[in-house]
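Participant: As input, take structure.pdb (PDB, N, CA and C atoms):
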```
ATOM      1  N   MET T   1     -27.525  62.450  64.066
ATOM      2  CA  MET T   1     -27.050  63.523  63.209
ATOM      3  C   MET T   1     -25.806  63.083  62.413
ATOM      4  N   VAL T   2     -24.908  62.344  63.048
ATOM      5  CA  VAL T   2     -23.679  61.900  62.374
ATOM      6  C   VAL T   2     -23.983  60.959  61.201
ATOM      7  N   PRO T   3     -24.912  59.989  61.339
ATOM      8  CA  PRO T   3     -25.197  59.135  60.169
ATOM      9  C   PRO T   3     -25.748  59.917  58.975
ATOM     10  N   ILE T   4     -26.553  60.927  59.249
ATOM     11  CA  ILE T   4     -27.090  61.731  58.146
ATOM     12  C   ILE T   4     -25.964  62.478  57.439
ATOM     13  N   ILE T   5     -25.048  63.030  58.207
ATOM     14  CA  ILE T   5     -23.914  63.739  57.615
ATOM     15  C   ILE T   5     -23.039  62.780  56.810
ATOM     16  N   LEU T   6     -22.836  61.583  57.336
ATOM     17  CA  LEU T   6     -22.025  60.597  56.611
ATOM     18  C   LEU T   6     -22.694  60.188  55.301
ATOM     19  N   VAL T   7     -24.011  59.989  55.336
ATOM     20  CA  VAL T   7     -24.720  59.610  54.113
ATOM     21  C   VAL T   7     -24.664  60.741  53.090
ATOM     22  N   LEU T   8     -24.861  61.977  53.542
ATOM     23  CA  LEU T   8     -24.779  63.109  52.630
ATOM     24  C   LEU T   8     -23.367  63.273  52.061
ATOM     25  N   LEU T   9     -22.364  63.055  52.904
ATOM     26  CA  LEU T   9     -20.978  63.137  52.440
ATOM     27  C   LEU T   9     -20.681  62.046  51.418
ATOM     28  N   LEU T  10     -21.166  60.842  51.677
ATOM     29  CA  LEU T  10     -20.975  59.737  50.731
ATOM     30  C   LEU T  10     -21.669  60.037  49.405
ATOM     31  N   ALA T  11     -22.873  60.566  49.459
ATOM     32  CA  ALA T  11     -23.597  60.922  48.234
ATOM     33  C   ALA T  11     -22.846  62.001  47.462
ATOM     34  N   LEU T  12     -22.308  62.977  48.165
ATOM     35  CA  LEU T  12     -21.549  64.044  47.515
ATOM     36  C   LEU T  12     -20.288  63.500  46.847
ATOM     37  N   ILE T  13     -19.582  62.608  47.533
ATOM     38  CA  ILE T  13     -18.359  62.018  46.972
ATOM     39  C   ILE T  13     -18.689  61.181  45.733
ATOM     40  N   LEU T  14     -19.749  60.373  45.820
ATOM     41  CA  LEU T  14     -20.117  59.540  44.674
ATOM     42  C   LEU T  14     -20.586  60.388  43.498
ATOM     43  N   PHE T  15     -21.315  61.466  43.763
ATOM     44  CA  PHE T  15     -21.745  62.357  42.688
ATOM     45  C   PHE T  15     -20.538  63.009  42.020
ATOM     46  N   GLY T  16     -19.588  63.477  42.817
ATOM     47  CA  GLY T  16     -18.384  64.100  42.269
ATOM     48  C   GLY T  16     -17.559  63.119  41.473
ATOM     49  N   ALA T  17     -17.413  61.893  41.974
ATOM     50  CA  ALA T  17     -16.640  60.877  41.252
ATOM     51  C   ALA T  17     -17.332  60.511  39.947
ATOM     52  N   GLY T  18     -18.654  60.395  39.990
ATOM     53  CA  GLY T  18     -19.397  60.067  38.775
ATOM     54  C   GLY T  18     -19.258  61.149  37.729
ATOM     55  N   PHE T  19     -19.333  62.398  38.139
ATOM     56  CA  PHE T  19     -19.185  63.509  37.200
ATOM     57  C   PHE T  19     -17.778  63.539  36.619
ATOM     58  N   ALA T  20     -16.768  63.323  37.471
ATOM     59  CA  ALA T  20     -15.380  63.345  36.999
ATOM     60  C   ALA T  20     -15.126  62.201  36.024
ATOM     61  N   LEU T  21     -15.645  61.008  36.327
ATOM     62  CA  LEU T  21     -15.436  59.883  35.423
ATOM     63  C   LEU T  21     -16.132  60.105  34.095
ATOM     64  N   LYS T  22     -17.328  60.695  34.129
ATOM     65  CA  LYS T  22     -18.036  60.966  32.881
ATOM     66  C   LYS T  22     -17.262  61.988  32.048
ATOM     67  N   ALA T  23     -16.719  63.010  32.696
ATOM     68  CA  ALA T  23     -15.933  64.018  31.984
ATOM     69  C   ALA T  23     -14.672  63.384  31.396
ATOM     70  N   LEU T  24     -14.025  62.499  32.145
ATOM     71  CA  LEU T  24     -12.825  61.838  31.630
ATOM     72  C   LEU T  24     -13.146  60.942  30.433
ATOM     73  N   TRP T  25     -14.307  60.285  30.456
ATOM     74  CA  TRP T  25     -14.704  59.469  29.315
ATOM     75  C   TRP T  25     -14.884  60.326  28.074
ATOM     76  N   TRP T  26     -15.515  61.510  28.230
ATOM     77  CA  TRP T  26     -15.705  62.386  27.075
ATOM     78  C   TRP T  26     -14.371  62.881  26.544
ATOM     79  N   ILE T  27     -13.451  63.221  27.442
ATOM     80  CA  ILE T  27     -12.120  63.670  27.013
ATOM     81  C   ILE T  27     -11.397  62.544  26.271
ATOM     82  N   ALA T  28     -11.514  61.316  26.769
ATOM     83  CA  ALA T  28     -10.873  60.173  26.111
ATOM     84  C   ALA T  28     -11.456  59.945  24.720
ATOM     85  N   VAL T  29     -12.762  60.096  24.571
ATOM     86  CA  VAL T  29     -13.394  59.908  23.262
ATOM     87  C   VAL T  29     -12.929  60.990  22.290
ATOM     88  N   ILE T  30     -12.833  62.234  22.744
ATOM     89  CA  ILE T  30     -12.373  63.323  21.881
ATOM     90  C   ILE T  30     -10.936  63.094  21.437
ATOM     91  N   VAL T  31     -10.079  62.676  22.373
ATOM     92  CA  VAL T  31      -8.674  62.407  22.021
ATOM     93  C   VAL T  31      -8.580  61.252  21.032
ATOM     94  N   LEU T  32      -9.398  60.221  21.215
ATOM     95  CA  LEU T  32      -9.395  59.097  20.289
ATOM     96  C   LEU T  32      -9.814  59.528  18.890
ATOM     97  N   VAL T  33     -10.834  60.374  18.783
ATOM     98  CA  VAL T  33     -11.289  60.850  17.474
ATOM     99  C   VAL T  33     -10.198  61.679  16.801
ATOM    100  N   VAL T  34      -9.550  62.560  17.561
ATOM    101  CA  VAL T  34      -8.470  63.373  16.984
ATOM    102  C   VAL T  34      -7.321  62.487  16.533
ATOM    103  N   TRP T  35      -7.008  61.465  17.314
ATOM    104  CA  TRP T  35      -5.924  60.551  16.965
ATOM    105  C   TRP T  35      -6.258  59.779  15.691
ATOM    106  N   LEU T  36      -7.506  59.313  15.579
ATOM    107  CA  LEU T  36      -7.908  58.586  14.370
ATOM    108  C   LEU T  36      -7.944  59.505  13.155
ATOM    109  N   LEU T  37      -8.358  60.749  13.342
ATOM    110  CA  LEU T  37      -8.339  61.695  12.232
ATOM    111  C   LEU T  37      -6.912  61.961  11.758
ATOM    112  N   GLY T  38      -5.955  61.827  12.643
ATOM    113  CA  GLY T  38      -4.563  62.014  12.269
ATOM    114  C   GLY T  38      -4.096  61.011  11.243
ATOM    115  N   PHE T  39      -4.670  59.810  11.244
ATOM    116  CA  PHE T  39      -4.303  58.818  10.239
ATOM    117  C   PHE T  39      -4.917  59.144   8.889
ATOM    118  N   VAL T  40      -6.047  59.837   8.896
ATOM    119  CA  VAL T  40      -6.751  60.133   7.657
ATOM    120  C   VAL T  40      -6.189  61.381   6.982
ATOM    121  N   ILE T  41      -5.894  62.408   7.760
ATOM    122  CA  ILE T  41      -5.509  63.700   7.172
ATOM    123  C   ILE T  41      -4.059  64.059   7.477
ATOM    124  N   ARG T  42      -3.198  63.085   7.457
ATOM    125  CA  ARG T  42      -1.792  63.426   7.711
ATOM    126  C   ARG T  42      -1.172  64.028   6.459
ATOM    127  N   PRO T  43      -0.325  65.023   6.643
ATOM    128  CA  PRO T  43       0.291  65.678   5.477
ATOM    129  C   PRO T  43       1.403  64.822   4.873
ATOM    130  N   THR T  44       1.701  65.114   3.632
ATOM    131  CA  THR T  44       2.808  64.409   2.983
ATOM    132  C   THR T  44       4.086  65.204   3.194
ATOM    133  N   ALA T  45       5.159  64.500   3.493
ATOM    134  CA  ALA T  45       6.455  65.142   3.711
ATOM    135  C   ALA T  45       7.485  64.448   2.827
ATOM    136  N   ASN T  46       8.067  65.191   1.899
ATOM    137  CA  ASN T  46       9.097  64.671   0.985
ATOM    138  C   ASN T  46       8.583  63.497   0.159
ATOM    139  N   GLY T  47       7.345  63.561  -0.273
ATOM    140  CA  GLY T  47       6.804  62.510  -1.125
ATOM    141  C   GLY T  47       6.304  61.289  -0.386
ATOM    142  N   LYS T  48       6.523  61.210   0.901
ATOM    143  CA  LYS T  48       6.011  60.064   1.659
ATOM    144  C   LYS T  48       5.063  60.563   2.745
ATOM    145  N   ARG T  49       4.190  59.692   3.151
ATOM    146  CA  ARG T  49       3.212  60.095   4.162
ATOM    147  C   ARG T  49       3.881  60.096   5.536
ATOM    148  N   GLY T  50       3.759  61.220   6.230
ATOM    149  CA  GLY T  50       4.368  61.345   7.548
ATOM    150  C   GLY T  50       3.306  61.528   8.626
ATOM    151  N   ARG T  51       3.751  61.584   9.824
ATOM    152  CA  ARG T  51       2.825  61.797  10.928
ATOM    153  C   ARG T  51       2.551  63.283  11.087
ATOM    154  N   TRP T  52       1.337  63.637  11.509
ATOM    155  CA  TRP T  52       1.000  65.047  11.720
ATOM    156  C   TRP T  52       1.386  65.498  13.108
ATOM    157  N   TYR T  53       1.841  64.559  13.931
ATOM    158  CA  TYR T  53       2.314  64.915  15.255
ATOM    159  C   TYR T  53       3.778  64.509  15.378
ATOM    160  N   ARG T  54       4.469  65.025  16.364
ATOM    161  CA  ARG T  54       5.910  64.779  16.486
ATOM    162  C   ARG T  54       6.266  63.577  17.347
ATOM    163  N   TRP T  55       5.365  63.151  18.221
ATOM    164  CA  TRP T  55       5.690  62.027  19.104
ATOM    165  C   TRP T  55       5.188  60.821  18.463
TER
END
```
Let me see the file written as structure tokens.

Facilitator:
Amino acid sequence: MVPIILVLLLALILFGAGFALKALWWIAVIVLVVWLLGFVIRPTANGKRGRWYRW
């Protein structure tokens, strides 16, 4: 009974880690796209091109 529980627990942990990593990859891709769009559509400030973010 214990080996079955351990295998099921391992499968659950790996499934959760896989889902979390996939979600983090999607978040990273979205942030990268927003960051790249910032170079394209940055507003002009005082006649010169400035950053659209403060940091």

Participant: Quote the spacing between atom CA of Ala28 of chain T and atom CA of Ala11 of chain T in Å to one decimal place.

Facilitator: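 That distance, rounded to one decimal, is 25.5 Å.
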
Participant: Atom C of Met1 of chain T and atom N of Ile13 of chain T are how many Å apart?

Facilitator: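 Going from atom C of Met1 of chain T over to atom N of Ile13 of chain T covers 16.1 Å.
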
Participant: Between atom C of Trp26 of chain T and atom C of Gly38 of chain T, what is the spacing in Å?

Facilitator: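 It comes out at 18.5 Å.
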